[in-house]
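Single-structure report; data block below.
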Amino acid sequence: NIRKSLGLTMLLVLLPAILLAAPVGKISHLEGEADVTRPDGKTVIVNLSDPVNQGDILRTKAKAKVEVTFLDGNIIWIAEKSRLKITEYELKEGKKNYIDLFRGKSRAILNNLAGKSSFEMHTPTAVCGIRGTIFIGYYMNGVSGFVYEQGQGYGYSKAIPSTVVTIQAGQTMQVSAPDKLPVVRPATTTEMNQNIQDTSAS
């Protein structure tokens, strides 16, 4: 009985860690070299078909690209020289999912979010969110930007969260500095094509 109780206690202690480590997706495309830092702090080289967990931090080297396909079919691409965390991602209705883009560029293709769920991309200075669309976010040289290929969404500066702007397909939103309001304008064909090229298979 003591042994059973100990076993049960250990299971209850380990269960949260086991659940936390349950994959939410996998590496579905890989070019060049990338690594992942797991929630336990271990960093390993990324291989094709490796599982991706909530809390993982993915980092791409120069001339590298990674595609993550989530279990619900949604996809994010990570461009070269980027660092991104799968902060919150749950395959349930009504969930607020988000990723943290610490540097570089990422493209989100989100056509299969669960009912009443949302998705946001956070950079150090800005937040952008949607409920089902394709958009690219970047944080480079202190500038946050989001370019919408399809659908629409919203965004704001982290320092001024009360001012929320709407972003339509074909538009871009930029936050040029931590204390600046977001600016929305039409995206040029050149920048749209460049962003898509940077976050798609070569």
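Note on naming: chains are A, B, ... as they come in the structure tokens, residues start from 1 per chain, ligands start from 1 in the order shown.
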Where does segment 50-107 of chain A meet segment 131-145 of chain A within 9 Å, residue by residue, with the nearest atom pair and distance in Å to one decimal for each, counting only C-alpha atoms, listed by chain and rising number, as CSV?
residue,atom,partner,partner_atom,distance
A:Trp77,CA,A:Ile136,CA,8.9
A:Ser82,CA,A:Tyr139,CA,9.0
A:Leu101,CA,A:Tyr139,CA,7.1
A:Phe102,CA,A:Tyr139,CA,7.0
A:Arg103,CA,A:Tyr139,CA,5.1
A:Gly104,CA,A:Tyr139,CA,5.4
A:Lys105,CA,A:Tyr138,CA,4.1
A:Ser106,CA,A:Gly137,CA,5.4
A:Arg107,CA,A:Ile136,CA,4.1
Grab the residues selected above and save them as a PDB file, in the first residue's frame with all heavy atoms.
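Just written: out01.pdb:
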ATOM      1  N   TRP A  77       5.937  29.768 -40.156  1.00  0.00           N
ATOM      2  CA  TRP A  77       7.267  29.712 -40.752  1.00  0.00           C
ATOM      3  C   TRP A  77       8.182  30.632 -39.959  1.00  0.00           C
ATOM      4  O   TRP A  77       7.773  31.710 -39.529  1.00  0.00           O
ATOM      5  CB  TRP A  77       7.223  30.191 -42.204  1.00  0.00           C
ATOM      6  CG  TRP A  77       6.790  29.159 -43.182  1.00  0.00           C
ATOM      7  CD1 TRP A  77       5.506  28.896 -43.588  1.00  0.00           C
ATOM      8  CD2 TRP A  77       7.613  28.252 -43.899  1.00  0.00           C
ATOM      9  NE1 TRP A  77       5.489  27.879 -44.500  1.00  0.00           N
ATOM     10  CE2 TRP A  77       6.774  27.461 -44.718  1.00  0.00           C
ATOM     11  CE3 TRP A  77       8.991  28.013 -43.923  1.00  0.00           C
ATOM     12  CZ2 TRP A  77       7.265  26.462 -45.551  1.00  0.00           C
ATOM     13  CZ3 TRP A  77       9.480  27.025 -44.758  1.00  0.00           C
ATOM     14  CH2 TRP A  77       8.617  26.260 -45.557  1.00  0.00           C
ATOM     15  N   SER A  82      16.270  34.134 -36.711  1.00  0.00           N
ATOM     16  CA  SER A  82      15.091  34.459 -35.909  1.00  0.00           C
ATOM     17  C   SER A  82      15.068  33.643 -34.627  1.00  0.00           C
ATOM     18  O   SER A  82      15.672  32.567 -34.545  1.00  0.00           O
ATOM     19  CB  SER A  82      13.808  34.192 -36.709  1.00  0.00           C
ATOM     20  OG  SER A  82      13.759  34.984 -37.875  1.00  0.00           O
ATOM     21  N   LEU A 101       7.928  36.577 -30.658  1.00  0.00           N
ATOM     22  CA  LEU A 101       8.996  36.719 -31.639  1.00  0.00           C
ATOM     23  C   LEU A 101      10.026  37.686 -31.068  1.00  0.00           C
ATOM     24  O   LEU A 101       9.806  38.893 -31.021  1.00  0.00           O
ATOM     25  CB  LEU A 101       8.431  37.241 -32.964  1.00  0.00           C
ATOM     26  CG  LEU A 101       9.434  37.435 -34.100  1.00  0.00           C
ATOM     27  CD1 LEU A 101      10.046  36.100 -34.522  1.00  0.00           C
ATOM     28  CD2 LEU A 101       8.768  38.124 -35.290  1.00  0.00           C
ATOM     29  N   PHE A 102      11.138  37.140 -30.593  1.00  0.00           N
ATOM     30  CA  PHE A 102      12.165  37.956 -29.945  1.00  0.00           C
ATOM     31  C   PHE A 102      13.019  38.707 -30.967  1.00  0.00           C
ATOM     32  O   PHE A 102      13.498  39.803 -30.709  1.00  0.00           O
ATOM     33  CB  PHE A 102      13.066  37.090 -29.068  1.00  0.00           C
ATOM     34  CG  PHE A 102      12.312  36.330 -28.013  1.00  0.00           C
ATOM     35  CD1 PHE A 102      12.284  34.938 -28.010  1.00  0.00           C
ATOM     36  CD2 PHE A 102      11.612  36.996 -27.021  1.00  0.00           C
ATOM     37  CE1 PHE A 102      11.586  34.230 -27.036  1.00  0.00           C
ATOM     38  CE2 PHE A 102      10.910  36.313 -26.051  1.00  0.00           C
ATOM     39  CZ  PHE A 102      10.892  34.928 -26.053  1.00  0.00           C
ATOM     40  N   ARG A 103      13.229  38.083 -32.123  1.00  0.00           N
ATOM     41  CA  ARG A 103      13.946  38.757 -33.207  1.00  0.00           C
ATOM     42  C   ARG A 103      13.680  38.006 -34.500  1.00  0.00           C
ATOM     43  O   ARG A 103      13.281  36.838 -34.490  1.00  0.00           O
ATOM     44  CB  ARG A 103      15.451  38.820 -32.934  1.00  0.00           C
ATOM     45  CG  ARG A 103      16.171  37.485 -32.997  1.00  0.00           C
ATOM     46  CD  ARG A 103      17.684  37.654 -33.064  1.00  0.00           C
ATOM     47  NE  ARG A 103      18.339  36.355 -33.165  1.00  0.00           N
ATOM     48  CZ  ARG A 103      18.785  35.660 -32.126  1.00  0.00           C
ATOM     49  NH1 ARG A 103      18.639  36.139 -30.905  1.00  0.00           N
ATOM     50  NH2 ARG A 103      19.366  34.485 -32.300  1.00  0.00           N
ATOM     51  N   GLY A 104      13.885  38.694 -35.625  1.00  0.00           N
ATOM     52  CA  GLY A 104      13.717  38.057 -36.918  1.00  0.00           C
ATOM     53  C   GLY A 104      12.319  38.194 -37.471  1.00  0.00           C
ATOM     54  O   GLY A 104      11.641  39.203 -37.254  1.00  0.00           O
ATOM     55  N   LYS A 105      11.870  37.141 -38.150  1.00  0.00           N
ATOM     56  CA  LYS A 105      10.628  37.222 -38.924  1.00  0.00           C
ATOM     57  C   LYS A 105       9.893  35.890 -38.885  1.00  0.00           C
ATOM     58  O   LYS A 105      10.508  34.827 -38.915  1.00  0.00           O
ATOM     59  CB  LYS A 105      10.979  37.595 -40.370  1.00  0.00           C
ATOM     60  CG  LYS A 105       9.828  37.935 -41.263  1.00  0.00           C
ATOM     61  CD  LYS A 105      10.322  38.310 -42.669  1.00  0.00           C
ATOM     62  CE  LYS A 105      11.140  39.581 -42.679  1.00  0.00           C
ATOM     63  NZ  LYS A 105      11.490  40.007 -44.063  1.00  0.00           N
ATOM     64  N   SER A 106       8.564  35.953 -38.850  1.00  0.00           N
ATOM     65  CA  SER A 106       7.749  34.731 -38.827  1.00  0.00           C
ATOM     66  C   SER A 106       6.459  34.959 -39.593  1.00  0.00           C
ATOM     67  O   SER A 106       5.893  36.058 -39.575  1.00  0.00           O
ATOM     68  CB  SER A 106       7.432  34.328 -37.387  1.00  0.00           C
ATOM     69  OG  SER A 106       6.617  33.172 -37.357  1.00  0.00           O
ATOM     70  N   ARG A 107       5.999  33.914 -40.260  1.00  0.00           N
ATOM     71  CA  ARG A 107       4.755  33.966 -41.030  1.00  0.00           C
ATOM     72  C   ARG A 107       3.769  32.960 -40.436  1.00  0.00           C
ATOM     73  O   ARG A 107       4.112  31.800 -40.220  1.00  0.00           O
ATOM     74  CB  ARG A 107       5.042  33.606 -42.485  1.00  0.00           C
ATOM     75  CG  ARG A 107       3.843  33.627 -43.418  1.00  0.00           C
ATOM     76  CD  ARG A 107       4.338  33.198 -44.792  1.00  0.00           C
ATOM     77  NE  ARG A 107       3.331  33.259 -45.821  1.00  0.00           N
ATOM     78  CZ  ARG A 107       3.257  32.392 -46.838  1.00  0.00           C
ATOM     79  NH1 ARG A 107       4.137  31.409 -46.920  1.00  0.00           N
ATOM     80  NH2 ARG A 107       2.335  32.499 -47.750  1.00  0.00           N
TER      81      ARG A 107
END
Next item on the list: Report the residues of segment 19-182 of chain A whose backbone DSSP state falls under strand (DSSP E), written as an NGL selection string.
Entry: :A and (23-31 or 34-37 or 43-45 or 51-53 or 57-60 or 65-70 or 75-78 or 83-88 or 96-110 or 118-122 or 126-130 or 133-140 or 143-150 or 153-157 or 160-167 or 171-175)
Margin query: Just the number, please: distance in Å from atom CA of Asp72 of chain A to atom CA of Thr125 of chain A, one decimal.
Written below: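 Taking atom CA of Asp72 of chain A and atom CA of Thr125 of chain A, their separation equals 28.7 Å.
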Check: Which residues, written as a PyMOL selection string, have at least one atom at most 12 Å from Phe146 of chain A, with only C-alpha atoms counted and residues fewer than 2 positions away on the same chain left out?
Finding: chain A and resi 101+104-108+120-123+126-130+134-140+143-144+148-149+152-157+165-176+182-187+191-192+195-196
Note to self: Residues near Gly115 of chain A, anyone? I mean within 10 Å using only C-alpha atoms, not counting same-chain ones fewer than 2 positions away, as a ChimeraX atom specification.
What the structure shows: /A:92-95,112-113,117-118,131
Item checked: Selection near segment 32-39 of chain A, 12 Å with only C-alpha atoms, sequence-local residues under 5 positions removed, as a PyMOL selection string -> chain A and resi 17-18+20-23+26-27+44-48+50-67+78-87+201-202
For the residues in the current selection, export N, CA and C atoms as a compact mmCIF listing (two decimals), in the first residue's frame.
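Writing done, so here's selection.txt:
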# COMPACT_ATOMS: atom_id res chain seq x y z
N ALA A 17 4.09 17.99 -15.70
CA ALA A 17 5.24 18.03 -16.61
C ALA A 17 4.98 17.19 -17.85
N ILE A 18 4.33 16.03 -17.65
CA ILE A 18 4.01 15.16 -18.78
C ILE A 18 3.03 15.86 -19.72
N LEU A 20 2.51 19.08 -19.95
CA LEU A 20 3.16 20.24 -20.54
C LEU A 20 4.00 19.85 -21.74
N ALA A 21 4.59 18.65 -21.67
CA ALA A 21 5.49 18.20 -22.74
C ALA A 21 4.74 17.57 -23.91
N ALA A 22 3.43 17.47 -23.82
CA ALA A 22 2.66 16.88 -24.92
C ALA A 22 2.84 17.74 -26.17
N PRO A 23 3.28 17.15 -27.30
CA PRO A 23 3.52 17.94 -28.50
C PRO A 23 2.27 18.66 -28.99
N LYS A 26 4.81 19.75 -35.00
CA LYS A 26 6.10 19.14 -35.38
C LYS A 26 6.81 20.01 -36.41
N ILE A 27 8.11 19.74 -36.57
CA ILE A 27 8.91 20.41 -37.60
C ILE A 27 8.57 19.76 -38.94
N VAL A 44 18.78 21.63 -28.09
CA VAL A 44 19.18 20.56 -29.01
C VAL A 44 18.99 21.03 -30.45
N ILE A 45 19.75 20.40 -31.35
CA ILE A 45 19.62 20.69 -32.78
C ILE A 45 18.27 20.17 -33.28
N VAL A 46 17.64 20.93 -34.16
CA VAL A 46 16.33 20.56 -34.71
C VAL A 46 16.51 19.61 -35.90
N ASN A 47 15.68 18.59 -35.95
CA ASN A 47 15.61 17.68 -37.09
C ASN A 47 14.20 17.66 -37.65
N LEU A 48 14.09 17.31 -38.92
CA LEU A 48 12.78 17.20 -39.55
C LEU A 48 11.92 16.19 -38.79
N ASP A 50 10.73 16.46 -35.84
CA ASP A 50 10.82 16.58 -34.39
C ASP A 50 9.53 17.18 -33.82
N PRO A 51 9.11 16.74 -32.63
CA PRO A 51 7.93 17.33 -32.01
C PRO A 51 8.21 18.76 -31.55
N VAL A 52 7.17 19.56 -31.52
CA VAL A 52 7.24 20.92 -31.00
C VAL A 52 6.25 21.03 -29.85
N ASN A 53 6.72 21.54 -28.72
CA ASN A 53 5.90 21.62 -27.52
C ASN A 53 5.62 23.07 -27.14
N GLN A 54 4.56 23.26 -26.40
CA GLN A 54 4.31 24.57 -25.81
C GLN A 54 5.49 24.92 -24.91
N GLY A 55 6.00 26.14 -25.03
CA GLY A 55 7.15 26.57 -24.24
C GLY A 55 8.47 26.44 -24.96
N ASP A 56 8.51 25.76 -26.11
CA ASP A 56 9.75 25.63 -26.87
C ASP A 56 10.18 26.98 -27.45
N ILE A 57 11.49 27.22 -27.48
CA ILE A 57 12.06 28.40 -28.12
C ILE A 57 12.88 27.92 -29.31
N LEU A 58 12.47 28.31 -30.51
CA LEU A 58 13.12 27.89 -31.75
C LEU A 58 14.03 29.02 -32.25
N ARG A 59 15.21 28.64 -32.71
CA ARG A 59 16.17 29.62 -33.20
C ARG A 59 16.75 29.14 -34.52
N THR A 60 16.71 29.99 -35.53
CA THR A 60 17.27 29.65 -36.84
C THR A 60 18.59 30.39 -37.04
N LYS A 61 19.52 29.69 -37.68
CA LYS A 61 20.81 30.30 -38.00
C LYS A 61 20.72 31.02 -39.36
N ALA A 62 21.84 31.57 -39.83
CA ALA A 62 21.87 32.23 -41.13
C ALA A 62 21.51 31.23 -42.23
N LYS A 63 20.72 31.68 -43.19
CA LYS A 63 20.29 30.86 -44.34
C LYS A 63 19.49 29.63 -43.92
N ALA A 64 18.82 29.73 -42.79
CA ALA A 64 17.98 28.61 -42.32
C ALA A 64 16.51 29.04 -42.28
N LYS A 65 15.63 28.08 -42.49
CA LYS A 65 14.19 28.31 -42.38
C LYS A 65 13.55 27.09 -41.73
N VAL A 66 12.53 27.32 -40.95
CA VAL A 66 11.82 26.23 -40.29
C VAL A 66 10.32 26.44 -40.47
N GLU A 67 9.63 25.35 -40.77
CA GLU A 67 8.16 25.36 -40.78
C GLU A 67 7.67 24.46 -39.66
N ILE A 78 9.42 30.22 -39.81
CA ILE A 78 10.41 31.04 -39.11
C ILE A 78 11.57 31.30 -40.07
N ALA A 79 11.82 32.58 -40.35
CA ALA A 79 12.86 32.96 -41.29
C ALA A 79 14.24 32.82 -40.65
N GLU A 80 15.28 33.07 -41.44
CA GLU A 80 16.65 32.98 -40.93
C GLU A 80 16.90 34.01 -39.83
N LYS A 81 17.86 33.69 -38.98
CA LYS A 81 18.31 34.58 -37.91
C LYS A 81 17.16 35.05 -37.03
N SER A 82 16.27 34.13 -36.71
CA SER A 82 15.09 34.46 -35.91
C SER A 82 15.07 33.64 -34.63
N ARG A 83 14.35 34.17 -33.64
CA ARG A 83 14.18 33.46 -32.36
C ARG A 83 12.75 33.64 -31.92
N LEU A 84 12.06 32.53 -31.67
CA LEU A 84 10.62 32.55 -31.45
C LEU A 84 10.22 31.52 -30.41
N LYS A 85 9.27 31.89 -29.55
CA LYS A 85 8.79 30.97 -28.52
C LYS A 85 7.32 30.61 -28.77
N ILE A 86 7.01 29.32 -28.68
CA ILE A 86 5.62 28.85 -28.73
C ILE A 86 5.08 29.02 -27.30
N THR A 87 4.63 30.20 -26.97
CA THR A 87 4.33 30.55 -25.58
C THR A 87 3.05 29.89 -25.08
N ALA A 201 9.33 28.14 -48.30
CA ALA A 201 10.37 27.20 -48.74
C ALA A 201 11.14 27.80 -49.91
N SER A 202 12.44 27.59 -49.92
CA SER A 202 13.28 28.12 -51.00
C SER A 202 13.08 27.31 -52.29
Next item on the list: Write down as a VMD selection string the residues belonging to chain A that are assigned alpha helix (DSSP H) by DSSP computed on the backbone.
Entry: chain A and resid 2 to 20 189 to 198
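Between atom CA of Ile109 of chain A and atom CA of Lys42 of chain A the interatomic distance comes to 28.3 Å.
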